[in-house]
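Printed here is protein_26.txt (compact mmCIF, C-alpha atoms and all ligand atoms):
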```txt
# COMPACT_ATOMS: atom_id res chain seq x y z
CA MET S 14 71.02 86.73 149.72
CA ASP S 15 73.14 89.85 149.66
CA THR S 16 72.14 93.45 149.03
CA ASP S 17 73.67 93.29 145.55
CA SER S 18 71.30 90.48 144.54
CA PHE S 19 68.30 92.49 145.67
CA GLU S 20 69.53 95.60 143.84
CA SER S 21 70.20 93.59 140.66
CA ALA S 22 66.76 91.96 140.85
CA VAL S 23 65.01 95.32 141.25
CA LYS S 24 66.94 96.69 138.30
CA LEU S 25 65.86 93.81 136.05
CA LEU S 26 62.24 93.99 137.21
CA ALA S 27 61.86 97.77 137.13
CA ASN S 28 63.23 97.93 133.57
CA ALA S 29 61.01 95.09 132.30
CA LYS S 30 58.01 95.70 130.06
CA HIS S 31 56.87 92.11 130.51
CA ILE S 32 57.49 90.04 133.66
CA CYS S 33 56.63 86.35 133.71
CA VAL S 34 56.47 84.61 137.09
CA SER S 35 56.14 80.87 137.54
CA THR S 36 55.25 79.40 140.93
CA GLY S 37 55.13 75.96 142.52
CA ALA S 38 54.06 74.52 145.85
CA GLY S 39 56.81 76.39 147.74
CA MET S 40 54.95 79.62 146.95
CA SER S 41 52.09 78.44 149.16
CA ALA S 42 54.22 76.89 151.92
CA GLU S 43 54.18 80.04 154.06
CA SER S 44 50.37 80.04 153.85
CA GLY S 45 50.42 76.58 155.45
CA VAL S 46 49.72 74.53 152.31
CA PRO S 47 51.99 71.45 152.21
CA THR S 48 54.41 71.00 149.29
CA PHE S 49 54.87 67.66 147.52
CA ARG S 50 58.54 66.69 147.62
CA ASP S 51 59.82 68.33 150.81
CA LYS S 52 60.40 66.33 154.02
CA ASP S 53 56.78 66.75 155.18
CA GLY S 54 55.32 67.01 151.67
CA HIS S 55 52.41 64.96 150.31
CA TRP S 56 54.64 62.54 148.43
CA SER S 57 56.57 61.66 151.60
CA LYS S 58 53.29 60.29 153.02
CA PHE S 59 51.37 59.12 149.96
CA ASN S 60 52.08 57.38 146.71
CA PRO S 61 51.12 59.70 143.83
CA ALA S 62 50.19 56.68 141.70
CA GLU S 63 47.43 55.84 144.22
CA LEU S 64 45.98 59.35 144.49
CA ALA S 65 46.75 61.47 141.46
CA SER S 66 46.27 59.39 138.33
CA PRO S 67 43.30 58.41 136.15
CA LEU S 68 43.99 54.75 136.94
CA ALA S 69 43.88 55.41 140.70
CA PHE S 70 40.54 57.16 140.26
CA ALA S 71 39.10 54.33 138.16
CA ARG S 72 40.22 51.77 140.75
CA ASN S 73 39.29 53.59 143.93
CA PRO S 74 37.34 56.82 143.44
CA GLN S 75 36.39 56.98 147.12
CA LYS S 76 40.05 57.00 148.20
CA VAL S 77 40.97 59.66 145.65
CA TRP S 78 37.98 61.84 146.59
CA ALA S 79 38.77 61.45 150.31
CA TRP S 80 42.22 62.96 149.71
CA TYR S 81 40.87 65.82 147.61
CA ARG S 82 38.07 66.50 150.12
CA GLU S 83 40.75 66.78 152.80
CA ARG S 84 42.81 69.20 150.68
CA ARG S 85 39.71 71.24 149.90
CA SER S 86 38.82 71.53 153.56
CA GLN S 87 42.40 72.68 154.30
CA LEU S 88 41.93 75.44 151.74
CA ALA S 89 39.18 76.99 153.81
CA THR S 90 41.70 77.48 156.63
CA VAL S 91 44.53 79.17 154.66
CA LYS S 92 44.97 82.58 153.12
CA PRO S 93 47.41 84.32 150.75
CA HIS S 94 50.60 85.70 152.33
CA SER S 95 52.51 88.93 151.71
CA GLY S 96 54.45 87.36 148.81
CA HIS S 97 51.21 86.59 146.94
CA ARG S 98 50.19 90.21 147.42
CA VAL S 99 53.52 91.49 146.09
CA LEU S 100 52.96 89.55 142.84
CA ALA S 101 49.43 90.99 142.54
CA ASP S 102 50.96 94.48 142.93
CA TRP S 103 53.52 93.81 140.20
CA GLU S 104 50.70 92.92 137.81
CA ARG S 105 49.17 96.35 138.43
CA ARG S 106 52.54 98.10 138.05
CA VAL S 107 54.18 96.69 134.91
CA PRO S 108 52.83 96.95 131.35
CA GLN S 109 52.57 93.20 130.90
CA PHE S 110 52.57 90.53 133.57
CA THR S 111 51.98 86.79 133.27
CA LEU S 112 51.64 84.51 136.27
CA VAL S 113 52.05 80.81 135.57
CA THR S 114 51.37 78.42 138.43
CA GLN S 115 51.38 74.70 139.10
CA ASN S 116 49.42 75.36 142.27
CA VAL S 117 45.79 74.31 142.48
CA ASP S 118 44.99 76.23 145.67
CA GLY S 119 43.76 79.46 144.04
CA LEU S 120 45.80 81.63 146.44
CA HIS S 121 47.15 83.86 143.66
CA ARG S 122 43.65 84.78 142.53
CA ARG S 123 42.55 85.31 146.11
CA ALA S 124 45.48 87.74 146.55
CA GLY S 125 44.24 89.79 143.58
CA SER S 126 46.27 88.38 140.67
CA GLN S 127 44.20 88.32 137.49
CA ASN S 128 46.24 86.98 134.60
CA VAL S 129 46.88 83.56 136.17
CA LEU S 130 47.59 80.47 134.06
CA GLU S 131 46.76 77.51 136.31
CA LEU S 132 48.59 74.69 134.54
CA HIS S 133 47.46 71.93 136.91
CA GLY S 134 43.83 72.98 137.34
CA ARG S 135 42.00 74.09 140.48
CA LEU S 136 41.09 72.31 143.70
CA GLU S 137 37.77 74.13 143.83
CA LEU S 138 36.80 72.94 140.36
CA THR S 139 34.78 69.75 139.90
CA THR S 140 34.29 68.35 136.41
CA CYS S 141 32.30 65.45 135.01
CA SER S 142 34.12 62.46 133.55
CA GLY S 143 31.22 61.89 131.14
CA CYS S 144 29.98 65.32 129.97
CA THR S 145 30.89 69.02 130.05
CA PHE S 146 29.27 69.72 133.45
CA SER S 147 31.50 71.57 135.91
CA ARG S 148 31.12 73.50 139.15
CA VAL S 149 33.38 75.76 141.21
CA ASP S 150 33.09 75.61 145.00
CA LEU S 151 34.63 73.92 148.00
CA ASP S 152 31.47 72.03 149.00
CA ASP S 153 31.82 68.53 150.34
CA LEU S 154 30.19 66.50 147.56
CA GLY S 155 30.28 63.21 149.45
CA PRO S 156 32.41 60.07 149.08
CA GLU S 157 31.72 59.31 145.41
CA PRO S 158 29.77 62.12 143.74
CA ARG S 159 27.86 61.65 140.48
CA CYS S 160 26.91 64.16 137.80
CA GLU S 161 23.43 65.69 138.08
CA GLN S 162 23.15 65.72 134.30
CA CYS S 163 24.54 62.41 133.05
CA ALA S 164 25.16 60.38 136.25
CA ALA S 165 28.81 59.76 135.32
CA ARG S 166 31.43 60.17 138.01
CA LEU S 167 32.39 63.68 139.02
CA ARG S 168 36.12 64.25 139.48
CA PRO S 169 38.37 66.95 140.90
CA GLY S 170 39.21 69.56 138.23
CA VAL S 171 42.95 69.05 138.54
CA VAL S 172 45.52 67.54 136.20
CA TRP S 173 46.70 64.07 137.18
CA PHE S 174 49.89 62.27 136.24
CA GLY S 175 49.58 60.96 132.71
CA GLU S 176 47.03 63.61 131.72
CA GLU S 177 47.45 66.53 129.36
CA LEU S 178 47.68 70.05 130.68
CA PRO S 179 45.10 72.60 129.51
CA HIS S 180 46.32 73.49 126.01
CA ALA S 181 45.47 77.18 125.96
CA ALA S 182 47.09 77.86 129.35
CA LEU S 183 50.21 75.89 128.46
CA SER S 184 50.75 77.59 125.12
CA SER S 185 50.16 81.03 126.67
CA ALA S 186 52.74 80.14 129.35
CA PHE S 187 55.35 79.17 126.76
CA ALA S 188 54.64 82.28 124.69
CA ALA S 189 55.03 84.51 127.76
CA ALA S 190 58.23 82.73 128.86
CA GLU S 191 59.82 83.32 125.47
CA ALA S 192 58.64 86.93 125.05
CA CYS S 193 59.15 88.32 128.56
CA ASP S 194 62.07 90.48 129.70
CA VAL S 195 62.61 88.67 132.99
CA PHE S 196 61.39 85.30 134.29
CA VAL S 197 60.92 84.71 138.04
CA LEU S 198 60.81 81.10 139.20
CA ILE S 199 59.48 80.61 142.73
CA GLY S 200 59.12 77.55 144.96
CA THR S 201 59.17 74.70 142.50
CA SER S 202 61.47 71.70 142.45
CA GLY S 203 61.44 72.03 138.66
CA VAL S 204 61.18 68.34 137.97
CA VAL S 205 57.59 67.97 136.74
CA TYR S 206 57.09 68.39 133.00
CA PRO S 207 55.76 70.03 130.92
CA ALA S 208 55.52 72.79 133.57
CA ALA S 209 59.30 72.80 134.13
CA GLY S 210 59.72 73.20 130.37
CA VAL S 211 58.25 76.71 130.62
CA ALA S 212 61.29 77.93 132.60
CA GLU S 213 63.56 76.06 130.19
CA ALA S 214 61.94 77.91 127.29
CA ALA S 215 62.71 81.25 128.96
CA LEU S 216 66.36 80.26 129.40
CA ALA S 217 66.58 79.02 125.82
CA ALA S 218 65.23 82.39 124.64
CA GLY S 219 68.00 84.15 126.57
CA VAL S 220 65.65 85.63 129.18
CA PRO S 221 67.35 86.33 132.54
CA LEU S 222 65.97 84.14 135.31
CA ILE S 223 65.53 85.11 138.95
CA GLU S 224 64.97 82.11 141.20
CA ILE S 225 63.59 82.10 144.77
CA ASN S 226 63.87 78.79 146.59
CA PRO S 227 65.55 77.85 149.90
CA GLU S 228 66.88 74.71 148.16
CA GLN S 229 68.84 74.56 144.92
CA THR S 230 67.05 73.13 141.88
CA PRO S 231 68.16 72.12 138.37
CA PHE S 232 67.59 75.80 137.43
CA SER S 233 69.65 77.46 140.17
CA SER S 234 72.98 77.29 138.37
CA HIS S 235 71.37 78.85 135.26
CA ALA S 236 69.75 81.71 137.15
CA ALA S 237 71.02 85.25 136.67
CA ILE S 238 70.11 85.79 140.34
CA TYR S 239 69.41 82.99 142.80
CA PHE S 240 67.87 83.79 146.20
CA ALA S 241 68.25 80.95 148.71
CA GLY S 242 65.26 82.07 150.74
CA SER S 243 61.52 81.74 151.16
CA SER S 244 59.00 83.29 148.79
CA ALA S 245 57.40 85.73 151.22
CA VAL S 246 60.68 86.98 152.70
CA VAL S 247 62.45 87.45 149.37
CA LEU S 248 59.47 88.96 147.50
CA VAL S 249 58.85 91.45 150.30
CA GLY S 250 62.59 92.24 150.35
CA ILE S 251 62.58 92.93 146.60
CA GLU S 252 59.38 94.96 146.87
CA GLU S 253 60.70 97.21 149.64
CA ARG S 254 63.75 98.08 147.57
CA TRP S 255 61.73 98.51 144.37
CA LYS S 256 59.34 100.94 146.07
CA ALA S 257 62.21 102.86 147.65
CA ARG S 258 63.70 103.30 144.16
CA THR S 259 60.64 104.72 142.32
CA PRO S 260 60.22 106.87 140.41
P1 LIG O 1 57.54 70.35 145.05
O1 LIG O 1 57.02 69.86 146.35
O2 LIG O 1 58.13 69.36 144.10
O3 LIG O 1 58.66 71.45 145.29
C1 LIG O 1 58.44 72.49 146.20
C2 LIG O 1 59.64 73.41 146.13
O4 LIG O 1 59.37 74.52 146.95
C3 LIG O 1 60.95 72.78 146.61
O5 LIG O 1 61.97 73.04 145.65
C4 LIG O 1 61.23 73.52 147.93
O6 LIG O 1 62.62 73.69 148.16
C5 LIG O 1 60.54 74.84 147.69
N1 LIG O 1 60.09 75.55 148.90
C6 LIG O 1 59.69 75.04 150.09
N2 LIG O 1 59.31 76.01 150.92
C7 LIG O 1 59.47 77.18 150.24
C8 LIG O 1 59.23 78.56 150.55
N3 LIG O 1 58.75 78.92 151.73
N4 LIG O 1 59.50 79.48 149.61
C9 LIG O 1 59.99 79.11 148.40
N5 LIG O 1 60.22 77.84 148.06
C10 LIG O 1 59.97 76.88 148.96
O7 LIG O 1 56.37 71.20 144.37
P2 LIG O 1 56.16 71.58 142.83
O8 LIG O 1 57.46 71.85 142.17
O9 LIG O 1 55.12 72.63 142.79
O10 LIG O 1 51.52 68.01 140.39
O11 LIG O 1 55.56 70.24 142.28
C11 LIG O 1 55.14 70.19 140.95
C12 LIG O 1 54.00 69.26 140.80
O12 LIG O 1 54.30 67.99 141.39
C13 LIG O 1 52.73 69.67 141.55
O13 LIG O 1 51.99 70.62 140.85
C14 LIG O 1 52.01 68.38 141.69
C15 LIG O 1 53.16 67.50 142.13
O14 LIG O 1 53.03 66.16 141.90
C16 LIG O 1 50.42 67.24 140.26
O15 LIG O 1 49.77 66.87 141.21
C17 LIG O 1 50.09 66.94 138.84
```
Can the structure from this file be put into structure tokens for me?
Ligand code: OAD
Amino acid sequence: MDTDSFESAVKLLANAKHICVSTGAGMSAESGVPTFRDKDGHWSKFNPAELASPLAFARNPQKVWAWYRERRSQLATVKPHSGHRVLADWERRVPQFTLVTQNVDGLHRRAGSQNVLELHGRLELTTCSGCTFSRVDLDDLGPEPRCEQCAARLRPGVVWFGEELPHAALSSAFAAAEACDVFVLIGTSGVVYPAAGVAEAALAAGVPLIEINPEQTPFSSHAAIYFAGSSAVVLVGIEERWKARTP
């Protein structure tokens, strides 16, 4: 992470008419939300097949809900960090800004970001497995909640393994990745598809990629600028230099 990298990143960003940012669990790590594949991540403790799949839910809804209730209650104790706020500021500054996220914690919206494409759903969303009923809150709905309208099982409004991503959000993400002037990839291991395909689409379209991740990923060697650092530290570092440069 040398000064040249920061200067080059600011140059790319300040000249861009459309910035597309894509974030993963590492974006929320400094807020205290666990990631999935790191040493202390969820998938080092739990088997995804038993917690995050339609089959797991059909077999043991109480177990699946217990895990989501726990994650929801954690959400009440965390807040966005300075890196989330930097991204919200960029949205206000540049002509066009698209924020794509795999995160379900809602921290980007809480930090003030507005154009957020939440590819994997939202922890605070509950949907019905039998009808169109849905609700948005972090209430504890009990061990095995049922729909008030049709009595079918309620489920967390997140995308599970084996399920399709929301079509409109996914196609908007691909369109933004291909049309933007610079693509910023933050805190994702880049191994879960189709979300990882969004960054691939940017590369295929010849868009320069800035990556922020303390660990290398399959994208690092393709990045125009790779920052081996944490999201808050690097974003604040970029922001300080960008502000010092204007107008
Ligand atoms: P992962 O847990 O796979 O990857 C987190 C990434 O964040 C790793 O590459 C870390 O090196 C990086 N990281 C850790 N701390 C960081 C920090 N402070 N700043 C920047 N980066 C940091 O999480 P995702 O890639 O988001 O899906 O995982 C993708 C999907 O897999 C999730 O949305 C979830 C999971 O299974 C579903 O549940 C459907």
Counting all atoms listed in the file, the residue among S:Cys33, S:Ala71, S:Ala236, S:Val171 that lies closest to Val129 of chain S is S:Cys33
Counting only C-alpha atoms and all ligand atoms, what are the residues of chain S within 9 Å of ligand LIG 1 (chain O), and for each of them which pair of atoms is the nearest and at what distance in Å, to one decimal? Sort the table by chain and rising number, as JSON lines.
```
{"residue": "S:Thr36", "atom": "CA", "partner": "O:LIG1", "partner_atom": "O9", "distance": 7.0}
{"residue": "S:Gly37", "atom": "CA", "partner": "O:LIG1", "partner_atom": "O9", "distance": 3.3}
{"residue": "S:Ala38", "atom": "CA", "partner": "O:LIG1", "partner_atom": "O9", "distance": 3.7}
{"residue": "S:Gly39", "atom": "CA", "partner": "O:LIG1", "partner_atom": "O4", "distance": 3.3}
{"residue": "S:Met40", "atom": "CA", "partner": "O:LIG1", "partner_atom": "C9", "distance": 5.3}
{"residue": "S:Ser41", "atom": "CA", "partner": "O:LIG1", "partner_atom": "N3", "distance": 7.2}
{"residue": "S:Ala42", "atom": "CA", "partner": "O:LIG1", "partner_atom": "N3", "distance": 5.0}
{"residue": "S:Glu43", "atom": "CA", "partner": "O:LIG1", "partner_atom": "N3", "distance": 5.3}
{"residue": "S:Ser44", "atom": "CA", "partner": "O:LIG1", "partner_atom": "N3", "distance": 8.7}
{"residue": "S:Pro47", "atom": "CA", "partner": "O:LIG1", "partner_atom": "O1", "distance": 7.9}
{"residue": "S:Thr48", "atom": "CA", "partner": "O:LIG1", "partner_atom": "O1", "distance": 4.1}
{"residue": "S:Phe49", "atom": "CA", "partner": "O:LIG1", "partner_atom": "O1", "distance": 3.3}
{"residue": "S:Arg50", "atom": "CA", "partner": "O:LIG1", "partner_atom": "O1", "distance": 3.7}
{"residue": "S:Asp51", "atom": "CA", "partner": "O:LIG1", "partner_atom": "O1", "distance": 5.5}
{"residue": "S:Gly54", "atom": "CA", "partner": "O:LIG1", "partner_atom": "O1", "distance": 6.3}
{"residue": "S:His55", "atom": "CA", "partner": "O:LIG1", "partner_atom": "O1", "distance": 7.8}
{"residue": "S:Trp56", "atom": "CA", "partner": "O:LIG1", "partner_atom": "O14", "distance": 7.6}
{"residue": "S:Pro61", "atom": "CA", "partner": "O:LIG1", "partner_atom": "O14", "distance": 7.0}
{"residue": "S:Ala65", "atom": "CA", "partner": "O:LIG1", "partner_atom": "O15", "distance": 6.2}
{"residue": "S:Ser66", "atom": "CA", "partner": "O:LIG1", "partner_atom": "C17", "distance": 8.5}
{"residue": "S:Thr114", "atom": "CA", "partner": "O:LIG1", "partner_atom": "O9", "distance": 8.2}
{"residue": "S:Gln115", "atom": "CA", "partner": "O:LIG1", "partner_atom": "O13", "distance": 4.5}
{"residue": "S:Asn116", "atom": "CA", "partner": "O:LIG1", "partner_atom": "O13", "distance": 5.6}
{"residue": "S:Val117", "atom": "CA", "partner": "O:LIG1", "partner_atom": "O13", "distance": 7.4}
{"residue": "S:Leu132", "atom": "CA", "partner": "O:LIG1", "partner_atom": "O13", "distance": 8.2}
{"residue": "S:His133", "atom": "CA", "partner": "O:LIG1", "partner_atom": "C17", "distance": 6.0}
{"residue": "S:Gly134", "atom": "CA", "partner": "O:LIG1", "partner_atom": "C17", "distance": 8.8}
{"residue": "S:Val171", "atom": "CA", "partner": "O:LIG1", "partner_atom": "C17", "distance": 7.5}
{"residue": "S:Val172", "atom": "CA", "partner": "O:LIG1", "partner_atom": "C17", "distance": 5.3}
{"residue": "S:Trp173", "atom": "CA", "partner": "O:LIG1", "partner_atom": "C17", "distance": 4.7}
{"residue": "S:Phe174", "atom": "CA", "partner": "O:LIG1", "partner_atom": "C17", "distance": 5.3}
{"residue": "S:Gly175", "atom": "CA", "partner": "O:LIG1", "partner_atom": "C17", "distance": 8.6}
{"residue": "S:Glu176", "atom": "CA", "partner": "O:LIG1", "partner_atom": "C17", "distance": 8.4}
{"residue": "S:Ile199", "atom": "CA", "partner": "O:LIG1", "partner_atom": "C9", "distance": 5.9}
{"residue": "S:Gly200", "atom": "CA", "partner": "O:LIG1", "partner_atom": "N5", "distance": 3.3}
{"residue": "S:Thr201", "atom": "CA", "partner": "O:LIG1", "partner_atom": "O8", "distance": 3.3}
{"residue": "S:Ser202", "atom": "CA", "partner": "O:LIG1", "partner_atom": "O5", "distance": 3.5}
{"residue": "S:Gly203", "atom": "CA", "partner": "O:LIG1", "partner_atom": "O8", "distance": 5.3}
{"residue": "S:Val204", "atom": "CA", "partner": "O:LIG1", "partner_atom": "O8", "distance": 6.6}
{"residue": "S:Val205", "atom": "CA", "partner": "O:LIG1", "partner_atom": "C11", "distance": 5.4}
{"residue": "S:Tyr206", "atom": "CA", "partner": "O:LIG1", "partner_atom": "C11", "distance": 8.4}
{"residue": "S:Ala208", "atom": "CA", "partner": "O:LIG1", "partner_atom": "C11", "distance": 7.8}
{"residue": "S:Ala209", "atom": "CA", "partner": "O:LIG1", "partner_atom": "O8", "distance": 8.3}
{"residue": "S:Ile225", "atom": "CA", "partner": "O:LIG1", "partner_atom": "C9", "distance": 5.9}
{"residue": "S:Asn226", "atom": "CA", "partner": "O:LIG1", "partner_atom": "N5", "distance": 4.0}
{"residue": "S:Pro227", "atom": "CA", "partner": "O:LIG1", "partner_atom": "O6", "distance": 5.4}
{"residue": "S:Glu228", "atom": "CA", "partner": "O:LIG1", "partner_atom": "O6", "distance": 4.4}
{"residue": "S:Gln229", "atom": "CA", "partner": "O:LIG1", "partner_atom": "O6", "distance": 7.1}
{"residue": "S:Thr230", "atom": "CA", "partner": "O:LIG1", "partner_atom": "O5", "distance": 6.3}
{"residue": "S:Ala241", "atom": "CA", "partner": "O:LIG1", "partner_atom": "C9", "distance": 8.5}
{"residue": "S:Gly242", "atom": "CA", "partner": "O:LIG1", "partner_atom": "N4", "distance": 6.4}
{"residue": "S:Ser243", "atom": "CA", "partner": "O:LIG1", "partner_atom": "N4", "distance": 3.4}
{"residue": "S:Ser244", "atom": "CA", "partner": "O:LIG1", "partner_atom": "N4", "distance": 3.9}
{"residue": "S:Ala245", "atom": "CA", "partner": "O:LIG1", "partner_atom": "N4", "distance": 6.8}
{"residue": "S:Val246", "atom": "CA", "partner": "O:LIG1", "partner_atom": "N4", "distance": 8.2}
{"residue": "S:Val247", "atom": "CA", "partner": "O:LIG1", "partner_atom": "N4", "distance": 8.5}
```
Restricting it to C-alpha atoms, dump the selection as a PDB file, keeping the file's coordinate frame.
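Contents of part-v6.pdb, as written:
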```
ATOM      1  CA  THR S  36      55.250  79.400 140.930  1.00  0.00           C
ATOM      2  CA  GLY S  37      55.130  75.960 142.520  1.00  0.00           C
ATOM      3  CA  ALA S  38      54.060  74.520 145.850  1.00  0.00           C
ATOM      4  CA  GLY S  39      56.810  76.390 147.740  1.00  0.00           C
ATOM      5  CA  MET S  40      54.950  79.620 146.950  1.00  0.00           C
ATOM      6  CA  SER S  41      52.090  78.440 149.160  1.00  0.00           C
ATOM      7  CA  ALA S  42      54.220  76.890 151.920  1.00  0.00           C
ATOM      8  CA  GLU S  43      54.180  80.040 154.060  1.00  0.00           C
ATOM      9  CA  SER S  44      50.370  80.040 153.850  1.00  0.00           C
ATOM     10  CA  PRO S  47      51.990  71.450 152.210  1.00  0.00           C
ATOM     11  CA  THR S  48      54.410  71.000 149.290  1.00  0.00           C
ATOM     12  CA  PHE S  49      54.870  67.660 147.520  1.00  0.00           C
ATOM     13  CA  ARG S  50      58.540  66.690 147.620  1.00  0.00           C
ATOM     14  CA  ASP S  51      59.820  68.330 150.810  1.00  0.00           C
ATOM     15  CA  GLY S  54      55.320  67.010 151.670  1.00  0.00           C
ATOM     16  CA  HIS S  55      52.410  64.960 150.310  1.00  0.00           C
ATOM     17  CA  TRP S  56      54.640  62.540 148.430  1.00  0.00           C
ATOM     18  CA  PRO S  61      51.120  59.700 143.830  1.00  0.00           C
ATOM     19  CA  ALA S  65      46.750  61.470 141.460  1.00  0.00           C
ATOM     20  CA  SER S  66      46.270  59.390 138.330  1.00  0.00           C
ATOM     21  CA  THR S 114      51.370  78.420 138.430  1.00  0.00           C
ATOM     22  CA  GLN S 115      51.380  74.700 139.100  1.00  0.00           C
ATOM     23  CA  ASN S 116      49.420  75.360 142.270  1.00  0.00           C
ATOM     24  CA  VAL S 117      45.790  74.310 142.480  1.00  0.00           C
ATOM     25  CA  LEU S 132      48.590  74.690 134.540  1.00  0.00           C
ATOM     26  CA  HIS S 133      47.460  71.930 136.910  1.00  0.00           C
ATOM     27  CA  GLY S 134      43.830  72.980 137.340  1.00  0.00           C
ATOM     28  CA  VAL S 171      42.950  69.050 138.540  1.00  0.00           C
ATOM     29  CA  VAL S 172      45.520  67.540 136.200  1.00  0.00           C
ATOM     30  CA  TRP S 173      46.700  64.070 137.180  1.00  0.00           C
ATOM     31  CA  PHE S 174      49.890  62.270 136.240  1.00  0.00           C
ATOM     32  CA  GLY S 175      49.580  60.960 132.710  1.00  0.00           C
ATOM     33  CA  GLU S 176      47.030  63.610 131.720  1.00  0.00           C
ATOM     34  CA  ILE S 199      59.480  80.610 142.730  1.00  0.00           C
ATOM     35  CA  GLY S 200      59.120  77.550 144.960  1.00  0.00           C
ATOM     36  CA  THR S 201      59.170  74.700 142.500  1.00  0.00           C
ATOM     37  CA  SER S 202      61.470  71.700 142.450  1.00  0.00           C
ATOM     38  CA  GLY S 203      61.440  72.030 138.660  1.00  0.00           C
ATOM     39  CA  VAL S 204      61.180  68.340 137.970  1.00  0.00           C
ATOM     40  CA  VAL S 205      57.590  67.970 136.740  1.00  0.00           C
ATOM     41  CA  TYR S 206      57.090  68.390 133.000  1.00  0.00           C
ATOM     42  CA  ALA S 208      55.520  72.790 133.570  1.00  0.00           C
ATOM     43  CA  ALA S 209      59.300  72.800 134.130  1.00  0.00           C
ATOM     44  CA  ILE S 225      63.590  82.100 144.770  1.00  0.00           C
ATOM     45  CA  ASN S 226      63.870  78.790 146.590  1.00  0.00           C
ATOM     46  CA  PRO S 227      65.550  77.850 149.900  1.00  0.00           C
ATOM     47  CA  GLU S 228      66.880  74.710 148.160  1.00  0.00           C
ATOM     48  CA  GLN S 229      68.840  74.560 144.920  1.00  0.00           C
ATOM     49  CA  THR S 230      67.050  73.130 141.880  1.00  0.00           C
ATOM     50  CA  ALA S 241      68.250  80.950 148.710  1.00  0.00           C
ATOM     51  CA  GLY S 242      65.260  82.070 150.740  1.00  0.00           C
ATOM     52  CA  SER S 243      61.520  81.740 151.160  1.00  0.00           C
ATOM     53  CA  SER S 244      59.000  83.290 148.790  1.00  0.00           C
ATOM     54  CA  ALA S 245      57.400  85.730 151.220  1.00  0.00           C
ATOM     55  CA  VAL S 246      60.680  86.980 152.700  1.00  0.00           C
ATOM     56  CA  VAL S 247      62.450  87.450 149.370  1.00  0.00           C
TER      57      VAL S 247
END
```
Can you work out which one of S:Ala257, S:Leu130, S:Leu167, S:Leu222 has the shortest atom-to-atom distance to Ser147 of chain S, counting all atoms listed in the file?
S:Leu167
Nearest to Ala237 of chain S by atom-to-atom distance, counting all atoms listed in the file, from S:Ala218, S:Leu138, S:Leu25, S:Ala101
S:Leu25
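Of note, atom CA of Gln109 of chain S and atom CA of Ile251 of chain S are spaced 18.6 Å apart.
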To one decimal in Å, tell me the separation between atom CA of Ser35 of chain S and atom CA of Leu64 of chain S.
24.8 Å
Tell me which of S:Asp153, S:Asp118, S:Cys160, S:Ser18 sits closest to Thr140 of chain S, counting only C-alpha atoms.
S:Cys160
Counting only C-alpha atoms, which residue out of S:Phe146, S:Trp78, S:Trp103, S:Tyr239 sits closest to Glu252 of chain S?
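For Glu252 of chain S, the nearest of the given residues is S:Trp103.
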Within 8 Å of file point (49.6, 86.8, 146.9), counting all atoms listed in the file, expressed as a list of chain:residue names
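Here is the list of nearby residues: S:Pro93, S:His94, S:Ser95, S:Gly96, S:His97, S:Arg98, S:Val99, S:Leu100, S:Ala101, S:Leu120, S:His121, S:Arg122, S:Arg123, S:Ala124, S:Gly125, S:Ser126.
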Requested write-out: C-alpha atoms of the selected residues, as a PDB file, in the frame of the given file:
```
ATOM      1  CA  PRO S  93      47.410  84.320 150.750  1.00  0.00           C
ATOM      2  CA  HIS S  94      50.600  85.700 152.330  1.00  0.00           C
ATOM      3  CA  SER S  95      52.510  88.930 151.710  1.00  0.00           C
ATOM      4  CA  GLY S  96      54.450  87.360 148.810  1.00  0.00           C
ATOM      5  CA  HIS S  97      51.210  86.590 146.940  1.00  0.00           C
ATOM      6  CA  ARG S  98      50.190  90.210 147.420  1.00  0.00           C
ATOM      7  CA  VAL S  99      53.520  91.490 146.090  1.00  0.00           C
ATOM      8  CA  LEU S 100      52.960  89.550 142.840  1.00  0.00           C
ATOM      9  CA  ALA S 101      49.430  90.990 142.540  1.00  0.00           C
ATOM     10  CA  LEU S 120      45.800  81.630 146.440  1.00  0.00           C
ATOM     11  CA  HIS S 121      47.150  83.860 143.660  1.00  0.00           C
ATOM     12  CA  ARG S 122      43.650  84.780 142.530  1.00  0.00           C
ATOM     13  CA  ARG S 123      42.550  85.310 146.110  1.00  0.00           C
ATOM     14  CA  ALA S 124      45.480  87.740 146.550  1.00  0.00           C
ATOM     15  CA  GLY S 125      44.240  89.790 143.580  1.00  0.00           C
ATOM     16  CA  SER S 126      46.270  88.380 140.670  1.00  0.00           C
TER      17      SER S 126
END
```
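With atom CA of Gly170 of chain S on one side and atom CA of Val197 of chain S on the other, the separation reads 26.5 Å.
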Pick the closest to Ala189 of chain S from S:Val77, S:Val113, S:Val107, S:Cys163: which is it, counting all atoms listed in the file?
S:Val113
Determine, counting only C-alpha atoms, every residue of protein, DNA or RNA that lies within 10 Å of (51.2, 79.2, 128.2) in the file coordinates, then give the result as an MDAnalysis selection string.
chainID S and resid 111:113 130:132 179:191 208 211
Could you pull segment 220-233 of chain S out of the structure just shown and give C-alpha atoms as a short mmCIF file (atom, residue, chain, number, x, y, z; two decimals), in the first residue's frame?
```cif
data_model
loop_
_atom_site.label_atom_id
_atom_site.label_comp_id
_atom_site.auth_asym_id
_atom_site.auth_seq_id
_atom_site.Cartn_x
_atom_site.Cartn_y
_atom_site.Cartn_z
CA VAL S 220 -12.97 -1.68 -16.76
CA PRO S 221 -10.03 -1.02 -14.39
CA LEU S 222 -10.47 -2.78 -11.06
CA ILE S 223 -9.37 -1.51 -7.66
CA GLU S 224 -9.34 -4.23 -5.02
CA ILE S 225 -9.24 -3.80 -1.23
CA ASN S 226 -8.64 -6.98 0.75
CA PRO S 227 -5.94 -7.93 3.27
CA GLU S 228 -5.74 -11.34 1.55
CA GLN S 229 -5.21 -12.01 -2.14
CA THR S 230 -8.18 -13.35 -4.09
CA PRO S 231 -8.63 -14.75 -7.62
CA PHE S 232 -9.11 -11.10 -8.71
CA SER S 233 -5.98 -9.59 -7.16
#
```
